[in-house]
Amino acid sequence: MQRALQLAERGWGRVAPNPMVGALVVRDGVVVAEGFHAEWGKPHAEIKALQAAAGKAKGATLYVNLEPCHHMGKTGPCSRAIADAGIARVVCAARDPNPEAAGGAEWLREQGIEVEEGVCEVEARDLNAVHLNAFSAKRPFLALKYAVSLDARLSEVPGTRTRVSEGAAIVEAHRLRAGYDAVMVGVGTALADDPQLTVREWGPVRVAPLRVVLDTELRLPLESKLVQTAREWPVWVFAARGADGKRAACLQGQGVEVVQVGREPGCERLDLGEVLARLWERNVRSLLCEGGGKLGSAFLMAGYVDRLYLFIAPRLFGEPGVPAFQGGRGRGARDWRTIRRVEFAEVTLFELKPEGAASAPSEP
């Protein structure tokens, strides 16, 4: 099953809104074929593995990290293909929450095929957390990405860009972007870094992520890279209701979509719950927030962060460096579990999830 999960991850950035799936055909303890879902609308992992196995599939065991689909979508139902190939046993890690695709496990049992479930289920659910969230919550799955120094600072001096990671770590950061529907920053980060928020160092990505800026007073410069490329790659700017109408018109004239929302009760910050709700209404099912410290900390304190990507470089910034974690913990989780740890030369990536996270995250 671990191999099925490895194969499944190859679909990152290419198969959404479908889940990432890998499959292996095993006969007499030997892997005779494997496959993975490589592209949205193309054959599923089970079909690829069965085609590769050819006549060796009859009487064999199929390992797959998600319940085989049982519906006619872009491709035919995998459950029927499995039965037609003569597979004797199916081992799957997790059930599919999609009501249109679910039911494959029960149907296979009705055909006399042995089905075992729950093998490596935690790992399988972690891999397809975005897909699972889409059927259990009413807001986008939210990941927060920080690149920090050893003393958890995002930059050496407020308002200026400090490159924390480099090389392979940058490639990984772009790969992460490819797996999300939207990439978000606060206006402070947009002003300091003038980012593009595109996927340039990895790919090709099937659908470029939407670029989102939270900008209460519409301070995003017209000459910024985001605005200048808005007609090529969409940009949404969330502003407070009543923000400067002329400024909004200028941004809209450059192809930027301006979305006005309310403020958090008792403060000047935008209502993050409303921001997430508006994104959900527009079919954004996953969101990668890349800071800065104020915005990331606000999401953490509100309990909205489902995944944390923490790139740590062996540097010390000290004062007056910008802290990544600001304010109290609020509703955010105290304990986090490491899902993945990867070394990129001197930079270490920790991928973490809230310990004890429910299947349905906090809703706005």
# chains A, B, ... in the order shown; residues from 1 in each chain; ligands from 1
$ residues_around --residues "range 255-271 of chain A" --least-positions-apart "2" --cutoff "8 Å" --atoms "only C-alpha atoms" --output "mmCIF file with all heavy atoms, in the first residue's frame"
data_model
loop_
_atom_site.group_PDB
_atom_site.id
_atom_site.type_symbol
_atom_site.label_atom_id
_atom_site.label_comp_id
_atom_site.auth_asym_id
_atom_site.auth_seq_id
_atom_site.Cartn_x
_atom_site.Cartn_y
_atom_site.Cartn_z
ATOM 1 N N LEU A 214 -5.374 39.653 0.040
ATOM 2 C CA LEU A 214 -6.244 40.315 1.009
ATOM 3 C C LEU A 214 -5.710 41.725 1.214
ATOM 4 O O LEU A 214 -4.603 41.920 1.716
ATOM 5 C CB LEU A 214 -6.284 39.556 2.339
ATOM 6 C CG LEU A 214 -6.857 38.147 2.320
ATOM 7 C CD1 LEU A 214 -7.249 37.715 3.735
ATOM 8 C CD2 LEU A 214 -8.051 38.018 1.387
ATOM 9 N N THR A 216 -7.283 45.197 2.503
ATOM 10 C CA THR A 216 -8.415 45.912 3.102
ATOM 11 C C THR A 216 -8.678 47.258 2.439
ATOM 12 O O THR A 216 -9.817 47.591 2.101
ATOM 13 C CB THR A 216 -8.177 46.125 4.612
ATOM 14 O OG1 THR A 216 -7.878 44.859 5.204
ATOM 15 C CG2 THR A 216 -9.415 46.708 5.279
ATOM 16 N N VAL A 227 -0.803 42.652 -10.678
ATOM 17 C CA VAL A 227 -1.753 43.424 -11.489
ATOM 18 C C VAL A 227 -1.366 43.368 -12.965
ATOM 19 O O VAL A 227 -2.224 43.207 -13.842
ATOM 20 C CB VAL A 227 -1.820 44.883 -10.991
ATOM 21 C CG1 VAL A 227 -2.709 45.716 -11.916
ATOM 22 C CG2 VAL A 227 -2.355 44.937 -9.568
ATOM 23 N N ALA A 230 -2.549 40.140 -14.563
ATOM 24 C CA ALA A 230 -3.896 39.696 -14.189
ATOM 25 C C ALA A 230 -4.708 39.186 -15.373
ATOM 26 O O ALA A 230 -5.593 38.339 -15.205
ATOM 27 C CB ALA A 230 -4.641 40.828 -13.492
ATOM 28 N N ARG A 231 -4.441 39.682 -16.556
ATOM 29 C CA ARG A 231 -5.205 39.205 -17.723
ATOM 30 C C ARG A 231 -4.692 37.842 -18.200
ATOM 31 O O ARG A 231 -5.383 37.133 -18.924
ATOM 32 C CB ARG A 231 -5.126 40.225 -18.855
ATOM 33 C CG ARG A 231 -5.776 41.567 -18.497
ATOM 34 C CD ARG A 231 -5.927 42.458 -19.710
ATOM 35 N NE ARG A 231 -6.374 43.787 -19.343
ATOM 36 C CZ ARG A 231 -7.615 44.119 -19.037
ATOM 37 N NH1 ARG A 231 -8.559 43.193 -19.047
ATOM 38 N NH2 ARG A 231 -7.925 45.362 -18.725
ATOM 39 N N PRO A 234 -5.530 34.860 -13.519
ATOM 40 C CA PRO A 234 -6.504 35.621 -12.732
ATOM 41 C C PRO A 234 -6.007 36.037 -11.354
ATOM 42 O O PRO A 234 -5.277 35.302 -10.687
ATOM 43 C CB PRO A 234 -7.684 34.652 -12.611
ATOM 44 C CG PRO A 234 -7.542 33.727 -13.779
ATOM 45 C CD PRO A 234 -6.066 33.576 -13.995
ATOM 46 N N VAL A 235 -6.413 37.233 -10.953
ATOM 47 C CA VAL A 235 -6.101 37.786 -9.637
ATOM 48 C C VAL A 235 -7.391 38.304 -9.010
ATOM 49 O O VAL A 235 -8.138 39.049 -9.644
ATOM 50 C CB VAL A 235 -5.087 38.948 -9.729
ATOM 51 C CG1 VAL A 235 -4.877 39.585 -8.347
ATOM 52 C CG2 VAL A 235 -3.766 38.475 -10.295
ATOM 53 N N TRP A 236 -7.639 37.878 -7.774
ATOM 54 C CA TRP A 236 -8.751 38.428 -6.996
ATOM 55 C C TRP A 236 -8.173 39.211 -5.827
ATOM 56 O O TRP A 236 -7.260 38.733 -5.144
ATOM 57 C CB TRP A 236 -9.643 37.315 -6.429
ATOM 58 C CG TRP A 236 -10.446 36.577 -7.452
ATOM 59 C CD1 TRP A 236 -10.406 36.713 -8.808
ATOM 60 C CD2 TRP A 236 -11.396 35.550 -7.189
ATOM 61 N NE1 TRP A 236 -11.276 35.829 -9.407
ATOM 62 C CE2 TRP A 236 -11.893 35.103 -8.431
ATOM 63 C CE3 TRP A 236 -11.867 34.958 -6.017
ATOM 64 C CZ2 TRP A 236 -12.852 34.102 -8.538
ATOM 65 C CZ3 TRP A 236 -12.817 33.953 -6.121
ATOM 66 C CH2 TRP A 236 -13.307 33.545 -7.368
ATOM 67 N N VAL A 237 -8.714 40.388 -5.604
ATOM 68 C CA VAL A 237 -8.322 41.191 -4.451
ATOM 69 C C VAL A 237 -9.541 41.350 -3.547
ATOM 70 O O VAL A 237 -10.586 41.837 -3.989
ATOM 71 C CB VAL A 237 -7.790 42.575 -4.884
ATOM 72 C CG1 VAL A 237 -7.584 43.477 -3.665
ATOM 73 C CG2 VAL A 237 -6.481 42.427 -5.656
ATOM 74 N N PHE A 238 -9.402 40.912 -2.313
ATOM 75 C CA PHE A 238 -10.468 41.079 -1.324
ATOM 76 C C PHE A 238 -10.222 42.367 -0.564
ATOM 77 O O PHE A 238 -9.139 42.571 -0.005
ATOM 78 C CB PHE A 238 -10.503 39.893 -0.354
ATOM 79 C CG PHE A 238 -11.151 38.664 -0.914
ATOM 80 C CD1 PHE A 238 -10.419 37.773 -1.684
ATOM 81 C CD2 PHE A 238 -12.497 38.404 -0.685
ATOM 82 C CE1 PHE A 238 -11.013 36.638 -2.214
ATOM 83 C CE2 PHE A 238 -13.104 37.272 -1.213
ATOM 84 C CZ PHE A 238 -12.363 36.390 -1.978
ATOM 85 N N ALA A 239 -11.225 43.230 -0.542
ATOM 86 C CA ALA A 239 -11.134 44.522 0.140
ATOM 87 C C ALA A 239 -12.336 44.696 1.063
ATOM 88 O O ALA A 239 -13.329 43.958 0.970
ATOM 89 C CB ALA A 239 -11.090 45.660 -0.883
ATOM 90 N N ALA A 240 -12.240 45.681 1.947
ATOM 91 C CA ALA A 240 -13.345 45.958 2.862
ATOM 92 C C ALA A 240 -14.470 46.668 2.117
ATOM 93 O O ALA A 240 -14.229 47.433 1.176
ATOM 94 C CB ALA A 240 -12.865 46.832 4.013
ATOM 95 N N ARG A 241 -15.678 46.383 2.515
ATOM 96 C CA ARG A 241 -16.812 47.100 1.949
ATOM 97 C C ARG A 241 -16.627 48.592 2.196
ATOM 98 O O ARG A 241 -16.258 49.018 3.286
ATOM 99 C CB ARG A 241 -18.120 46.623 2.578
ATOM 100 C CG ARG A 241 -18.488 45.205 2.180
ATOM 101 C CD ARG A 241 -19.915 44.857 2.566
ATOM 102 N NE ARG A 241 -20.231 43.482 2.186
ATOM 103 C CZ ARG A 241 -20.100 42.443 2.998
ATOM 104 N NH1 ARG A 241 -19.694 42.640 4.247
ATOM 105 N NH2 ARG A 241 -20.383 41.230 2.589
ATOM 106 N N GLY A 242 -16.879 49.368 1.158
ATOM 107 C CA GLY A 242 -16.695 50.809 1.279
ATOM 108 C C GLY A 242 -15.301 51.274 0.920
ATOM 109 O O GLY A 242 -14.984 52.457 1.063
ATOM 110 N N ALA A 243 -14.436 50.368 0.449
ATOM 111 C CA ALA A 243 -13.088 50.760 0.037
ATOM 112 C C ALA A 243 -13.164 51.700 -1.163
ATOM 113 O O ALA A 243 -14.178 51.765 -1.871
ATOM 114 C CB ALA A 243 -12.263 49.529 -0.312
ATOM 115 N N ALA A 248 -10.697 50.783 -6.814
ATOM 116 C CA ALA A 248 -11.234 49.501 -7.256
ATOM 117 C C ALA A 248 -11.424 49.492 -8.773
ATOM 118 O O ALA A 248 -11.100 48.507 -9.448
ATOM 119 C CB ALA A 248 -12.556 49.223 -6.550
ATOM 120 N N LEU A 251 -8.096 48.979 -10.579
ATOM 121 C CA LEU A 251 -7.663 47.590 -10.543
ATOM 122 C C LEU A 251 -8.497 46.742 -11.498
ATOM 123 O O LEU A 251 -7.959 45.897 -12.237
ATOM 124 C CB LEU A 251 -7.767 47.045 -9.121
ATOM 125 C CG LEU A 251 -6.734 47.570 -8.114
ATOM 126 C CD1 LEU A 251 -7.125 47.175 -6.696
ATOM 127 C CD2 LEU A 251 -5.338 47.044 -8.445
ATOM 128 N N GLN A 252 -9.802 46.957 -11.503
ATOM 129 C CA GLN A 252 -10.681 46.205 -12.392
ATOM 130 C C GLN A 252 -10.352 46.489 -13.851
ATOM 131 O O GLN A 252 -10.449 45.600 -14.698
ATOM 132 C CB GLN A 252 -12.134 46.532 -12.072
ATOM 133 C CG GLN A 252 -12.583 45.974 -10.726
ATOM 134 C CD GLN A 252 -13.910 46.559 -10.259
ATOM 135 O OE1 GLN A 252 -14.279 47.672 -10.640
ATOM 136 N NE2 GLN A 252 -14.618 45.819 -9.419
ATOM 137 N N GLY A 253 -9.937 47.719 -14.132
ATOM 138 C CA GLY A 253 -9.563 48.086 -15.491
ATOM 139 C C GLY A 253 -8.328 47.351 -15.978
ATOM 140 O O GLY A 253 -8.109 47.220 -17.185
ATOM 141 N N GLY A 273 -13.670 34.465 7.711
ATOM 142 C CA GLY A 273 -14.716 33.492 7.445
ATOM 143 C C GLY A 273 -15.491 33.831 6.192
ATOM 144 O O GLY A 273 -15.817 32.954 5.381
ATOM 145 N N GLU A 274 -15.780 35.119 5.999
ATOM 146 C CA GLU A 274 -16.498 35.534 4.796
ATOM 147 C C GLU A 274 -15.621 35.371 3.564
ATOM 148 O O GLU A 274 -16.110 34.985 2.485
ATOM 149 C CB GLU A 274 -16.972 36.986 4.921
ATOM 150 C CG GLU A 274 -17.840 37.412 3.752
ATOM 151 C CD GLU A 274 -18.413 38.813 3.882
ATOM 152 O OE1 GLU A 274 -18.224 39.458 4.941
ATOM 153 O OE2 GLU A 274 -19.055 39.271 2.911
ATOM 154 N N VAL A 275 -14.333 35.658 3.698
ATOM 155 C CA VAL A 275 -13.408 35.452 2.575
ATOM 156 C C VAL A 275 -13.432 33.987 2.132
ATOM 157 O O VAL A 275 -13.568 33.683 0.946
ATOM 158 C CB VAL A 275 -11.973 35.865 2.969
ATOM 159 C CG1 VAL A 275 -10.967 35.409 1.905
ATOM 160 C CG2 VAL A 275 -11.881 37.371 3.162
#
$ closest_atom_pairs --of "range 83-172 of chain A" --to "range 57-70 of chain A" --cutoff "6 Å" --atoms "only C-alpha atoms" --output "JSON lines"
{"residue": "A:Ala85", "atom": "CA", "partner": "A:Lys58", "partner_atom": "CA", "distance": 5.9}
{"residue": "A:Gly86", "atom": "CA", "partner": "A:Lys58", "partner_atom": "CA", "distance": 4.2}
{"residue": "A:Ile87", "atom": "CA", "partner": "A:Gly59", "partner_atom": "CA", "distance": 5.1}
{"residue": "A:Ala88", "atom": "CA", "partner": "A:Gly59", "partner_atom": "CA", "distance": 4.7}
{"residue": "A:Arg89", "atom": "CA", "partner": "A:Thr61", "partner_atom": "CA", "distance": 4.7}
{"residue": "A:Val90", "atom": "CA", "partner": "A:Leu62", "partner_atom": "CA", "distance": 4.8}
{"residue": "A:Val91", "atom": "CA", "partner": "A:Tyr63", "partner_atom": "CA", "distance": 4.8}
{"residue": "A:Cys92", "atom": "CA", "partner": "A:Val64", "partner_atom": "CA", "distance": 4.9}
{"residue": "A:Ala93", "atom": "CA", "partner": "A:Asn65", "partner_atom": "CA", "distance": 4.6}
{"residue": "A:Ala94", "atom": "CA", "partner": "A:Leu66", "partner_atom": "CA", "distance": 5.0}
{"residue": "A:Arg95", "atom": "CA", "partner": "A:Glu67", "partner_atom": "CA", "distance": 5.0}
{"residue": "A:Asp96", "atom": "CA", "partner": "A:Glu67", "partner_atom": "CA", "distance": 5.6}
{"residue": "A:Ala101", "atom": "CA", "partner": "A:Cys69", "partner_atom": "CA", "distance": 4.8}
{"residue": "A:Ala102", "atom": "CA", "partner": "A:Cys69", "partner_atom": "CA", "distance": 5.8}
{"residue": "A:Gly103", "atom": "CA", "partner": "A:His70", "partner_atom": "CA", "distance": 5.8}
{"residue": "A:Gly104", "atom": "CA", "partner": "A:His70", "partner_atom": "CA", "distance": 4.7}
$ closest_residue --among "A:Pro221, A:Gly112, A:Pro323, A:Pro99" --to "Ala134 in chain A" --atoms "only C-alpha atoms"
A:Pro99
$ residues_around --residues "Glu290 in chain A" --least-positions-apart "2" --cutoff "9 Å" --atoms "only C-alpha atoms" --output "ChimeraX atom specification"
/A:143-147,183-186,189,288,292,295-296
$ select_by_dssp --residues "range 147-345 of chain A" --states "alpha helix (DSSP H)" --output "PyMOL selection string"
chain A and resi 168-178+187-193+225-228+245-253+272-281+293-301
$ atom_distance --atom1 "CA of Leu276 in chain A" --atom2 "CA of Leu349 in chain A"
26.2 Å
$ decode --residues "range 250-310 of chain A" --atoms "C-alpha atoms" --output "mmCIF file, in the first residue's frame"
data_model
loop_
_atom_site.group_PDB
_atom_site.id
_atom_site.type_symbol
_atom_site.label_atom_id
_atom_site.label_comp_id
_atom_site.auth_asym_id
_atom_site.auth_seq_id
_atom_site.Cartn_x
_atom_site.Cartn_y
_atom_site.Cartn_z
ATOM 1 C CA CYS A 250 -8.465 51.123 -11.648
ATOM 2 C CA LEU A 251 -7.663 47.590 -10.543
ATOM 3 C CA GLN A 252 -10.681 46.205 -12.392
ATOM 4 C CA GLY A 253 -9.563 48.086 -15.491
ATOM 5 C CA GLN A 254 -6.344 46.046 -15.378
ATOM 6 C CA GLY A 255 -8.240 42.757 -15.203
ATOM 7 C CA VAL A 256 -8.241 42.308 -11.415
ATOM 8 C CA GLU A 257 -11.473 41.122 -9.789
ATOM 9 C CA VAL A 258 -12.227 43.122 -6.632
ATOM 10 C CA VAL A 259 -14.377 41.351 -4.040
ATOM 11 C CA GLN A 260 -15.682 43.365 -1.103
ATOM 12 C CA VAL A 261 -16.331 41.687 2.251
ATOM 13 C CA GLY A 262 -17.003 42.796 5.809
ATOM 14 C CA ARG A 263 -14.512 43.302 8.619
ATOM 15 C CA GLU A 264 -13.999 41.155 11.687
ATOM 16 C CA PRO A 265 -16.164 42.471 14.534
ATOM 17 C CA GLY A 266 -14.226 44.964 16.601
ATOM 18 C CA CYS A 267 -11.137 45.219 14.364
ATOM 19 C CA GLU A 268 -9.937 46.503 11.010
ATOM 20 C CA ARG A 269 -9.075 43.084 9.563
ATOM 21 C CA LEU A 270 -11.201 41.511 6.861
ATOM 22 C CA ASP A 271 -13.657 38.833 7.967
ATOM 23 C CA LEU A 272 -11.668 35.709 7.146
ATOM 24 C CA GLY A 273 -14.716 33.492 7.445
ATOM 25 C CA GLU A 274 -16.498 35.534 4.796
ATOM 26 C CA VAL A 275 -13.408 35.452 2.575
ATOM 27 C CA LEU A 276 -13.340 31.649 2.763
ATOM 28 C CA ALA A 277 -17.089 31.458 2.164
ATOM 29 C CA ARG A 278 -16.824 33.619 -0.955
ATOM 30 C CA LEU A 279 -13.987 31.489 -2.301
ATOM 31 C CA TRP A 280 -16.025 28.335 -1.631
ATOM 32 C CA GLU A 281 -18.981 29.830 -3.523
ATOM 33 C CA ARG A 282 -16.695 30.251 -6.527
ATOM 34 C CA ASN A 283 -15.593 26.588 -6.424
ATOM 35 C CA VAL A 284 -12.231 27.159 -4.749
ATOM 36 C CA ARG A 285 -11.837 23.917 -2.801
ATOM 37 C CA SER A 286 -8.234 24.356 -1.662
ATOM 38 C CA LEU A 287 -6.187 27.386 -0.687
ATOM 39 C CA LEU A 288 -2.467 27.833 -0.015
ATOM 40 C CA CYS A 289 -1.721 30.911 2.096
ATOM 41 C CA GLU A 290 1.867 32.129 1.799
ATOM 42 C CA GLY A 291 1.713 34.781 4.523
ATOM 43 C CA GLY A 292 2.694 37.171 5.775
ATOM 44 C CA GLY A 293 2.908 36.781 9.500
ATOM 45 C CA LYS A 294 -0.213 38.743 10.374
ATOM 46 C CA LEU A 295 -2.442 36.911 7.916
ATOM 47 C CA GLY A 296 -1.026 33.467 8.630
ATOM 48 C CA SER A 297 -1.322 33.988 12.372
ATOM 49 C CA ALA A 298 -4.900 35.217 11.994
ATOM 50 C CA PHE A 299 -5.826 32.021 10.133
ATOM 51 C CA LEU A 300 -4.077 29.938 12.795
ATOM 52 C CA MET A 301 -5.811 31.728 15.670
ATOM 53 C CA ALA A 302 -9.191 31.289 13.954
ATOM 54 C CA GLY A 303 -8.606 27.530 13.734
ATOM 55 C CA TYR A 304 -8.809 27.455 9.939
ATOM 56 C CA VAL A 305 -5.384 25.976 9.112
ATOM 57 C CA ASP A 306 -5.624 22.321 8.033
ATOM 58 C CA ARG A 307 -2.018 21.865 6.908
ATOM 59 C CA LEU A 308 1.220 23.699 7.724
ATOM 60 C CA TYR A 309 4.262 23.676 5.445
ATOM 61 C CA LEU A 310 7.237 24.989 7.391
#
